[in-house]
Amino acid sequence: MAILPILHYPDARLHTRAKPVAEVDERIRQLVADMAETMYAAPGIGLAATQVDVHERVVVIDVSEDANDLLVLINPEILWRSEERVVYEEGCLSVPDVYDKVERASQVRVKALDINGQEREIEADGLLAICIQHEIDHLDGKVFVEYLSPLKQSRLKTRLRKQERLAKAVA
Ligand code: NI
């Protein structure tokens, strides 16, 4: 297992649309293991392969309190979203220290392959529903801050680029 480096917004690679996984084989299982280790170490509650610069449709999520209930979604597809919406203050491992309100469907039904390549359907609400939508957005090349106003986004980019330059200067 290995902790993988996480891409940080506004890295252009975060806007890559991920390809479907052709076969859930040993390579994908290794990727899932590494992604889970990376997510737990961060710590975070979700990670998409896009964030570790692998552009295949793989997501790991764990919203449990004790971080012991790993959910692996391979080639996830949202089959249904509730009309009911919910606003939640989201964060992202690719946008450190930034939290802001995003509105999403409050419930979703999702189809995905599990780690054994078996298709399963999941109904989710609450934080899990939010997290699933956030991670699938990553696979489509979308970062949550893109839901914010253009002004907020441009301020954020300026701030993050400045931080990056400072970090490089002291490194
Ligand atoms: Ni994220």
# chains A, B, ... in the order shown; residues from 1 in each chain; ligands from 1
call {"tool": "closest_atom_pairs", "arguments": {"of": "range 6-101 of chain A", "to": "range 144-150 of chain A", "cutoff": "8 Å", "atoms": "only C-alpha atoms", "output": "Markdown table"}}
result
| residue | atom | partner | partner_atom | distance |
| --- | --- | --- | --- | --- |
| A:Glu90 | CA | A:Phe144 | CA | 7.6 |
| A:Gly91 | CA | A:Phe144 | CA | 7.9 |
| A:Cys92 | CA | A:Phe144 | CA | 7.7 |
| A:Asp100 | CA | A:Val145 | CA | 7.7 |
call {"tool": "residues_near_ligand", "arguments": {"ligand": "ligand 1", "cutoff": "12 Å", "atoms": "only C-alpha atoms and all ligand atoms", "output": "PDB file with N, CA and C atoms, in the first residue's frame"}}
result
ATOM      1  N   ILE A   6      -1.876  13.967  -3.654  1.00  0.00           N
ATOM      2  CA  ILE A   6      -3.192  14.485  -4.052  1.00  0.00           C
ATOM      3  C   ILE A   6      -3.015  15.793  -4.824  1.00  0.00           C
ATOM      4  N   LEU A   7      -3.658  15.879  -5.986  1.00  0.00           N
ATOM      5  CA  LEU A   7      -3.618  17.109  -6.785  1.00  0.00           C
ATOM      6  C   LEU A   7      -4.398  18.206  -6.070  1.00  0.00           C
ATOM      7  N   HIS A   8      -3.897  19.415  -6.169  1.00  0.00           N
ATOM      8  CA  HIS A   8      -4.566  20.544  -5.535  1.00  0.00           C
ATOM      9  C   HIS A   8      -5.119  21.521  -6.567  1.00  0.00           C
ATOM     10  N   TYR A   9      -6.375  21.908  -6.357  1.00  0.00           N
ATOM     11  CA  TYR A   9      -6.999  22.965  -7.150  1.00  0.00           C
ATOM     12  C   TYR A   9      -6.128  24.208  -7.053  1.00  0.00           C
ATOM     13  N   LEU A  14      -7.240  18.206 -12.560  1.00  0.00           N
ATOM     14  CA  LEU A  14      -8.490  17.930 -11.833  1.00  0.00           C
ATOM     15  C   LEU A  14      -9.711  18.079 -12.743  1.00  0.00           C
ATOM     16  N   MET A  39      -6.863   8.334   1.595  1.00  0.00           N
ATOM     17  CA  MET A  39      -8.024   9.017   2.168  1.00  0.00           C
ATOM     18  C   MET A  39      -7.987   8.979   3.698  1.00  0.00           C
ATOM     19  N   GLY A  44      -9.738  12.068   5.253  1.00  0.00           N
ATOM     20  CA  GLY A  44     -10.897  12.570   4.517  1.00  0.00           C
ATOM     21  C   GLY A  44     -11.988  11.525   4.514  1.00  0.00           C
ATOM     22  N   ILE A  45     -13.165  11.890   3.971  1.00  0.00           N
ATOM     23  CA  ILE A  45     -14.289  10.948   3.936  1.00  0.00           C
ATOM     24  C   ILE A  45     -14.582  10.466   2.522  1.00  0.00           C
ATOM     25  N   GLY A  46     -13.820  10.972   1.546  1.00  0.00           N
ATOM     26  CA  GLY A  46     -14.020  10.518   0.172  1.00  0.00           C
ATOM     27  C   GLY A  46     -12.839  10.902  -0.689  1.00  0.00           C
ATOM     28  N   LEU A  47     -12.580  10.088  -1.703  1.00  0.00           N
ATOM     29  CA  LEU A  47     -11.492  10.401  -2.628  1.00  0.00           C
ATOM     30  C   LEU A  47     -11.823   9.770  -3.981  1.00  0.00           C
ATOM     31  N   ALA A  48     -11.640  10.552  -5.021  1.00  0.00           N
ATOM     32  CA  ALA A  48     -11.846  10.052  -6.380  1.00  0.00           C
ATOM     33  C   ALA A  48     -10.476   9.867  -7.037  1.00  0.00           C
ATOM     34  N   ALA A  49     -10.369   8.886  -7.934  1.00  0.00           N
ATOM     35  CA  ALA A  49      -9.082   8.587  -8.578  1.00  0.00           C
ATOM     36  C   ALA A  49      -8.499   9.822  -9.270  1.00  0.00           C
ATOM     37  N   THR A  50      -9.384  10.656  -9.828  1.00  0.00           N
ATOM     38  CA  THR A  50      -8.966  11.911 -10.465  1.00  0.00           C
ATOM     39  C   THR A  50      -8.019  12.712  -9.557  1.00  0.00           C
ATOM     40  N   GLN A  51      -8.306  12.706  -8.255  1.00  0.00           N
ATOM     41  CA  GLN A  51      -7.534  13.514  -7.309  1.00  0.00           C
ATOM     42  C   GLN A  51      -6.120  13.002  -7.104  1.00  0.00           C
ATOM     43  N   VAL A  52      -5.884  11.724  -7.465  1.00  0.00           N
ATOM     44  CA  VAL A  52      -4.520  11.182  -7.374  1.00  0.00           C
ATOM     45  C   VAL A  52      -3.967  10.984  -8.792  1.00  0.00           C
ATOM     46  N   VAL A  59     -13.936   5.469  -6.988  1.00  0.00           N
ATOM     47  CA  VAL A  59     -14.175   6.346  -5.844  1.00  0.00           C
ATOM     48  C   VAL A  59     -14.101   5.516  -4.570  1.00  0.00           C
ATOM     49  N   VAL A  60     -13.499   6.074  -3.526  1.00  0.00           N
ATOM     50  CA  VAL A  60     -13.594   5.466  -2.191  1.00  0.00           C
ATOM     51  C   VAL A  60     -14.249   6.483  -1.260  1.00  0.00           C
ATOM     52  N   ILE A  61     -15.094   5.966  -0.368  1.00  0.00           N
ATOM     53  CA  ILE A  61     -15.850   6.811   0.557  1.00  0.00           C
ATOM     54  C   ILE A  61     -15.916   6.095   1.902  1.00  0.00           C
ATOM     55  N   GLU A  90     -19.322  22.025   2.241  1.00  0.00           N
ATOM     56  CA  GLU A  90     -18.416  20.979   1.771  1.00  0.00           C
ATOM     57  C   GLU A  90     -16.961  21.414   1.854  1.00  0.00           C
ATOM     58  N   GLY A  91     -16.109  20.410   1.915  1.00  0.00           N
ATOM     59  CA  GLY A  91     -14.673  20.615   1.827  1.00  0.00           C
ATOM     60  C   GLY A  91     -14.130  19.567   0.875  1.00  0.00           C
ATOM     61  N   CYS A  92     -12.835  19.614   0.588  1.00  0.00           N
ATOM     62  CA  CYS A  92     -12.261  18.688  -0.390  1.00  0.00           C
ATOM     63  C   CYS A  92     -10.762  18.579  -0.153  1.00  0.00           C
ATOM     64  N   LEU A  93     -10.239  17.361  -0.237  1.00  0.00           N
ATOM     65  CA  LEU A  93      -8.798  17.169  -0.027  1.00  0.00           C
ATOM     66  C   LEU A  93      -7.978  17.885  -1.104  1.00  0.00           C
ATOM     67  N   SER A  94      -8.603  18.184  -2.233  1.00  0.00           N
ATOM     68  CA  SER A  94      -7.895  18.907  -3.298  1.00  0.00           C
ATOM     69  C   SER A  94      -7.987  20.426  -3.141  1.00  0.00           C
ATOM     70  N   VAL A  95      -8.766  20.874  -2.155  1.00  0.00           N
ATOM     71  CA  VAL A  95      -8.885  22.315  -1.894  1.00  0.00           C
ATOM     72  C   VAL A  95      -8.737  22.519  -0.382  1.00  0.00           C
ATOM     73  N   PRO A  96      -7.517  22.349   0.142  1.00  0.00           N
ATOM     74  CA  PRO A  96      -7.324  22.345   1.595  1.00  0.00           C
ATOM     75  C   PRO A  96      -7.807  23.645   2.245  1.00  0.00           C
ATOM     76  N   ASP A  97      -8.416  23.484   3.411  1.00  0.00           N
ATOM     77  CA  ASP A  97      -8.828  24.607   4.262  1.00  0.00           C
ATOM     78  C   ASP A  97      -9.930  25.475   3.662  1.00  0.00           C
ATOM     79  N   VAL A  98     -10.594  24.997   2.628  1.00  0.00           N
ATOM     80  CA  VAL A  98     -11.699  25.766   2.054  1.00  0.00           C
ATOM     81  C   VAL A  98     -12.998  24.984   2.263  1.00  0.00           C
ATOM     82  N   TYR A  99     -13.977  25.661   2.859  1.00  0.00           N
ATOM     83  CA  TYR A  99     -15.281  25.049   3.089  1.00  0.00           C
ATOM     84  C   TYR A  99     -16.326  26.037   2.609  1.00  0.00           C
ATOM     85  N   ILE A 130     -24.444  13.256  -0.308  1.00  0.00           N
ATOM     86  CA  ILE A 130     -23.656  14.446  -0.676  1.00  0.00           C
ATOM     87  C   ILE A 130     -22.274  14.012  -1.159  1.00  0.00           C
ATOM     88  N   CYS A 131     -21.665  13.118  -0.396  1.00  0.00           N
ATOM     89  CA  CYS A 131     -20.306  12.671  -0.698  1.00  0.00           C
ATOM     90  C   CYS A 131     -20.257  11.937  -2.047  1.00  0.00           C
ATOM     91  N   ILE A 132     -21.236  11.089  -2.314  1.00  0.00           N
ATOM     92  CA  ILE A 132     -21.285  10.364  -3.592  1.00  0.00           C
ATOM     93  C   ILE A 132     -21.351  11.357  -4.755  1.00  0.00           C
ATOM     94  N   GLN A 133     -22.200  12.360  -4.636  1.00  0.00           N
ATOM     95  CA  GLN A 133     -22.333  13.350  -5.714  1.00  0.00           C
ATOM     96  C   GLN A 133     -21.048  14.157  -5.885  1.00  0.00           C
ATOM     97  N   HIS A 134     -20.420  14.502  -4.771  1.00  0.00           N
ATOM     98  CA  HIS A 134     -19.153  15.260  -4.796  1.00  0.00           C
ATOM     99  C   HIS A 134     -18.057  14.445  -5.498  1.00  0.00           C
ATOM    100  N   GLU A 135     -17.970  13.158  -5.176  1.00  0.00           N
ATOM    101  CA  GLU A 135     -16.897  12.317  -5.753  1.00  0.00           C
ATOM    102  C   GLU A 135     -17.154  12.018  -7.239  1.00  0.00           C
ATOM    103  N   ILE A 136     -18.413  11.792  -7.602  1.00  0.00           N
ATOM    104  CA  ILE A 136     -18.709  11.552  -9.020  1.00  0.00           C
ATOM    105  C   ILE A 136     -18.426  12.815  -9.830  1.00  0.00           C
ATOM    106  N   ASP A 137     -18.677  13.969  -9.244  1.00  0.00           N
ATOM    107  CA  ASP A 137     -18.289  15.229  -9.901  1.00  0.00           C
ATOM    108  C   ASP A 137     -16.785  15.217 -10.224  1.00  0.00           C
ATOM    109  N   HIS A 138     -15.967  14.770  -9.270  1.00  0.00           N
ATOM    110  CA  HIS A 138     -14.514  14.702  -9.528  1.00  0.00           C
ATOM    111  C   HIS A 138     -14.221  13.869 -10.779  1.00  0.00           C
ATOM    112  N   LEU A 139     -14.903  12.729 -10.907  1.00  0.00           N
ATOM    113  CA  LEU A 139     -14.669  11.851 -12.067  1.00  0.00           C
ATOM    114  C   LEU A 139     -15.062  12.555 -13.366  1.00  0.00           C
ATOM    115  N   ASP A 140     -15.990  13.505 -13.252  1.00  0.00           N
ATOM    116  CA  ASP A 140     -16.399  14.266 -14.434  1.00  0.00           C
ATOM    117  C   ASP A 140     -15.574  15.549 -14.588  1.00  0.00           C
ATOM    118  N   GLY A 141     -14.544  15.679 -13.774  1.00  0.00           N
ATOM    119  CA  GLY A 141     -13.636  16.826 -13.902  1.00  0.00           C
ATOM    120  C   GLY A 141     -14.107  18.077 -13.186  1.00  0.00           C
ATOM    121  N   LYS A 142     -15.033  17.893 -12.246  1.00  0.00           N
ATOM    122  CA  LYS A 142     -15.596  19.072 -11.569  1.00  0.00           C
ATOM    123  C   LYS A 142     -15.225  19.104 -10.076  1.00  0.00           C
ATOM    124  N   VAL A 143     -14.739  20.236  -9.629  1.00  0.00           N
ATOM    125  CA  VAL A 143     -14.374  20.441  -8.224  1.00  0.00           C
ATOM    126  C   VAL A 143     -15.471  21.283  -7.572  1.00  0.00           C
ATOM    127  N   PHE A 144     -15.783  21.020  -6.286  1.00  0.00           N
ATOM    128  CA  PHE A 144     -16.974  21.639  -5.669  1.00  0.00           C
ATOM    129  C   PHE A 144     -16.959  23.165  -5.714  1.00  0.00           C
ATOM    130  N   VAL A 145     -15.767  23.760  -5.718  1.00  0.00           N
ATOM    131  CA  VAL A 145     -15.707  25.230  -5.723  1.00  0.00           C
ATOM    132  C   VAL A 145     -16.271  25.817  -7.019  1.00  0.00           C
ATOM    133  N   GLU A 146     -16.406  24.985  -8.052  1.00  0.00           N
ATOM    134  CA  GLU A 146     -16.982  25.468  -9.314  1.00  0.00           C
ATOM    135  C   GLU A 146     -18.484  25.765  -9.188  1.00  0.00           C
TER     136      GLU A 146
END
call {"tool": "select_by_dssp", "arguments": {"residues": "range 17-158 of chain A", "states": "alpha helix (DSSP H)", "output": "PyMOL selection string"}}
result
chain A and resi 26-41+126-139+150-158
call {"tool": "residues_around", "arguments": {"residues": "Val24 in chain A", "least_positions_apart": "6", "cutoff": "10 Å", "atoms": "only C-alpha atoms", "output": "JSON list (two decimals) with C-alpha atoms, in the first residue's frame"}}
result
[["chain", "number", "residue", "atom", "x", "y", "z"],
["A", 74, "ILE", "CA", -16.26, 1.63, -9.59],
["A", 113, "LEU", "CA", -19.29, -2.16, -9.41],
["A", 114, "ASP", "CA", -17.73, -3.22, -6.12],
["A", 115, "ILE", "CA", -14.17, -4.41, -5.52],
["A", 116, "ASN", "CA", -15.12, -7.87, -6.85],
["A", 117, "GLY", "CA", -16.56, -6.46, -10.05],
["A", 118, "GLN", "CA", -20.11, -7.19, -8.87]]
call {"tool": "closest_residue", "arguments": {"among": "A:Ala129, A:Val54, A:Ala36, A:Val87", "to": "Asn68 in chain A", "atoms": "only C-alpha atoms"}}
result
A:Ala36
call {"tool": "atom_distance", "arguments": {"atom1": "CA of Glu119 in chain A", "atom2": "CA of Val63 in chain A"}}
result
21.1 Å
call {"tool": "residues_around", "arguments": {"residues": "Leu79 in chain A", "least_positions_apart": "5", "cutoff": "7 Å", "atoms": "only C-alpha atoms", "output": "MDAnalysis selection string"}}
result
chainID A and resid 109:111
call {"tool": "write_last_selection", "arguments": {"atoms": "N, CA and C atoms", "output": "short mmCIF file (atom, residue, chain, number, x, y, z; two decimals), in the first residue's frame"}}
result
data_model
loop_
_atom_site.label_atom_id
_atom_site.label_comp_id
_atom_site.auth_asym_id
_atom_site.auth_seq_id
_atom_site.Cartn_x
_atom_site.Cartn_y
_atom_site.Cartn_z
N ARG A 109 -29.90 7.42 -5.88
CA ARG A 109 -29.74 5.97 -6.06
C ARG A 109 -28.63 5.80 -7.08
N VAL A 110 -27.67 4.94 -6.75
CA VAL A 110 -26.45 4.80 -7.55
C VAL A 110 -26.22 3.34 -7.90
N LYS A 111 -25.74 3.14 -9.12
CA LYS A 111 -25.33 1.81 -9.57
C LYS A 111 -23.81 1.86 -9.71
#
call {"tool": "atom_distance", "arguments": {"atom1": "CA of Ser64 in chain A", "atom2": "CA of Arg17 in chain A"}}
result
28.2 Å
call {"tool": "atom_distance", "arguments": {"atom1": "CA of Glu84 in chain A", "atom2": "CA of Asp125 in chain A"}}
result
10.8 Å
call {"tool": "closest_atom_pairs", "arguments": {"of": "range 44-153 of chain A", "to": "range 18-22 of chain A", "cutoff": "6 Å", "atoms": "only C-alpha atoms", "output": "JSON lines"}}
result
{"residue": "A:His55", "atom": "CA", "partner": "A:Ala18", "partner_atom": "CA", "distance": 4.3}
{"residue": "A:Glu56", "atom": "CA", "partner": "A:Ala18", "partner_atom": "CA", "distance": 4.6}
{"residue": "A:Arg57", "atom": "CA", "partner": "A:Pro20", "partner_atom": "CA", "distance": 5.2}
{"residue": "A:Asn75", "atom": "CA", "partner": "A:Pro20", "partner_atom": "CA", "distance": 5.6}
{"residue": "A:Leu139", "atom": "CA", "partner": "A:Ala18", "partner_atom": "CA", "distance": 5.1}
call {"tool": "write_last_selection", "arguments": {"atoms": "N, CA and C atoms", "output": "CSV table (one decimal), in the first residue's frame"}}
result
chain,number,residue,atom,x,y,z
A,55,HIS,N,-7.0,8.7,-14.1
A,55,HIS,CA,-8.2,9.2,-14.7
A,55,HIS,C,-9.1,8.0,-15.2
A,56,GLU,N,-9.5,7.2,-14.1
A,56,GLU,CA,-10.4,6.1,-14.3
A,56,GLU,C,-11.5,6.2,-13.2
A,57,ARG,N,-12.7,5.6,-13.5
A,57,ARG,CA,-13.8,6.0,-12.6
A,57,ARG,C,-13.9,5.1,-11.4
A,75,ASN,N,-17.0,2.7,-11.6
A,75,ASN,CA,-17.9,3.1,-12.7
A,75,ASN,C,-19.3,3.5,-12.1
A,139,LEU,N,-14.9,12.7,-10.9
A,139,LEU,CA,-14.7,11.9,-12.1
A,139,LEU,C,-15.1,12.6,-13.4
call {"tool": "decode", "arguments": {"residues": "range 152-165 of chain A", "atoms": "all heavy atoms", "output": "short mmCIF file (atom, residue, chain, number, x, y, z; two decimals), in the first residue's frame"}}
result
data_model
loop_
_atom_site.label_atom_id
_atom_site.label_comp_id
_atom_site.auth_asym_id
_atom_site.auth_seq_id
_atom_site.Cartn_x
_atom_site.Cartn_y
_atom_site.Cartn_z
N LYS A 152 -16.08 34.49 -6.06
CA LYS A 152 -15.48 33.65 -5.03
C LYS A 152 -14.41 32.75 -5.62
O LYS A 152 -13.35 32.54 -5.03
CB LYS A 152 -16.55 32.78 -4.35
CG LYS A 152 -17.17 33.41 -3.14
CD LYS A 152 -17.97 32.38 -2.36
CE LYS A 152 -18.60 33.01 -1.13
NZ LYS A 152 -19.46 32.06 -0.41
N GLN A 153 -14.69 32.20 -6.81
CA GLN A 153 -13.73 31.29 -7.45
C GLN A 153 -12.44 32.01 -7.80
O GLN A 153 -11.36 31.49 -7.62
CB GLN A 153 -14.33 30.68 -8.72
CG GLN A 153 -15.39 29.64 -8.43
CD GLN A 153 -15.89 29.01 -9.72
OE1 GLN A 153 -15.13 28.51 -10.53
NE2 GLN A 153 -17.19 29.04 -9.90
N SER A 154 -12.56 33.23 -8.32
CA SER A 154 -11.35 33.91 -8.76
C SER A 154 -10.52 34.36 -7.55
O SER A 154 -9.31 34.29 -7.56
CB SER A 154 -11.67 35.05 -9.73
OG SER A 154 -11.90 36.24 -9.05
N ARG A 155 -11.21 34.78 -6.46
CA ARG A 155 -10.50 35.12 -5.22
C ARG A 155 -9.75 33.91 -4.68
O ARG A 155 -8.63 34.00 -4.21
CB ARG A 155 -11.48 35.60 -4.16
CG ARG A 155 -11.88 37.02 -4.33
CD ARG A 155 -12.78 37.43 -3.17
NE ARG A 155 -13.21 38.80 -3.33
CZ ARG A 155 -14.33 39.28 -2.80
NH1 ARG A 155 -15.12 38.50 -2.09
NH2 ARG A 155 -14.65 40.54 -2.98
N LEU A 156 -10.43 32.76 -4.75
CA LEU A 156 -9.87 31.53 -4.23
C LEU A 156 -8.62 31.11 -5.02
O LEU A 156 -7.59 30.76 -4.44
CB LEU A 156 -10.94 30.44 -4.32
CG LEU A 156 -10.60 29.08 -3.73
CD1 LEU A 156 -10.31 29.21 -2.25
CD2 LEU A 156 -11.78 28.13 -3.94
N LYS A 157 -8.71 31.21 -6.34
CA LYS A 157 -7.56 30.85 -7.19
C LYS A 157 -6.36 31.73 -6.86
O LYS A 157 -5.23 31.24 -6.75
CB LYS A 157 -7.92 31.01 -8.67
CG LYS A 157 -8.65 29.81 -9.22
CD LYS A 157 -8.86 29.96 -10.71
CE LYS A 157 -9.80 28.88 -11.22
NZ LYS A 157 -10.26 29.12 -12.56
N THR A 158 -6.60 33.03 -6.73
CA THR A 158 -5.52 33.97 -6.41
C THR A 158 -4.87 33.58 -5.09
O THR A 158 -3.65 33.50 -4.98
CB THR A 158 -6.08 35.41 -6.30
OG1 THR A 158 -6.82 35.67 -7.49
CG2 THR A 158 -4.98 36.42 -6.14
N ARG A 159 -5.72 33.29 -4.10
CA ARG A 159 -5.21 32.95 -2.77
C ARG A 159 -4.41 31.66 -2.80
O ARG A 159 -3.32 31.57 -2.23
CB ARG A 159 -6.39 32.82 -1.80
CG ARG A 159 -5.97 32.94 -0.35
CD ARG A 159 -7.18 32.85 0.54
NE ARG A 159 -7.37 31.50 1.03
CZ ARG A 159 -8.55 31.02 1.42
NH1 ARG A 159 -9.63 31.75 1.36
NH2 ARG A 159 -8.63 29.78 1.86
N LEU A 160 -4.94 30.64 -3.49
CA LEU A 160 -4.27 29.33 -3.51
C LEU A 160 -2.95 29.40 -4.27
O LEU A 160 -1.97 28.76 -3.88
CB LEU A 160 -5.19 28.27 -4.10
CG LEU A 160 -6.42 27.95 -3.25
CD1 LEU A 160 -7.34 26.99 -3.98
CD2 LEU A 160 -6.03 27.37 -1.91
N ARG A 161 -2.92 30.17 -5.36
CA ARG A 161 -1.67 30.29 -6.13
C ARG A 161 -0.61 30.98 -5.29
O ARG A 161 0.56 30.61 -5.33
CB ARG A 161 -1.92 31.06 -7.43
CG ARG A 161 -2.72 30.22 -8.42
CD ARG A 161 -2.53 30.69 -9.85
NE ARG A 161 -3.20 29.75 -10.76
CZ ARG A 161 -4.30 30.02 -11.45
NH1 ARG A 161 -4.85 31.22 -11.39
NH2 ARG A 161 -4.83 29.11 -12.24
N LYS A 162 -1.03 31.98 -4.52
CA LYS A 162 -0.10 32.70 -3.64
C LYS A 162 0.47 31.74 -2.59
O LYS A 162 1.67 31.70 -2.34
CB LYS A 162 -0.84 33.88 -2.98
CG LYS A 162 0.12 34.93 -2.44
CD LYS A 162 -0.62 35.99 -1.66
CE LYS A 162 -1.12 37.14 -2.49
NZ LYS A 162 -1.91 38.11 -1.71
N GLN A 163 -0.45 30.95 -1.99
CA GLN A 163 -0.01 29.97 -0.96
C GLN A 163 0.99 28.99 -1.54
O GLN A 163 1.95 28.62 -0.89
CB GLN A 163 -1.22 29.20 -0.44
CG GLN A 163 -1.99 29.94 0.62
CD GLN A 163 -3.26 29.20 1.03
OE1 GLN A 163 -3.52 28.09 0.57
NE2 GLN A 163 -4.05 29.81 1.88
N GLU A 164 0.73 28.57 -2.78
CA GLU A 164 1.60 27.58 -3.42
C GLU A 164 3.00 28.16 -3.64
O GLU A 164 3.99 27.49 -3.41
CB GLU A 164 0.99 27.16 -4.76
CG GLU A 164 1.28 25.72 -5.10
CD GLU A 164 0.22 25.18 -6.04
OE1 GLU A 164 -0.92 24.94 -5.59
OE2 GLU A 164 0.56 25.05 -7.23
N ARG A 165 3.04 29.42 -4.08
CA ARG A 165 4.33 30.08 -4.29
C ARG A 165 5.09 30.19 -2.97
O ARG A 165 6.28 29.92 -2.90
CB ARG A 165 4.13 31.47 -4.89
CG ARG A 165 3.93 31.46 -6.40
CD ARG A 165 4.22 32.82 -7.01
NE ARG A 165 3.37 33.87 -6.46
CZ ARG A 165 2.15 34.15 -6.91
NH1 ARG A 165 1.63 33.45 -7.91
NH2 ARG A 165 1.43 35.10 -6.38
#
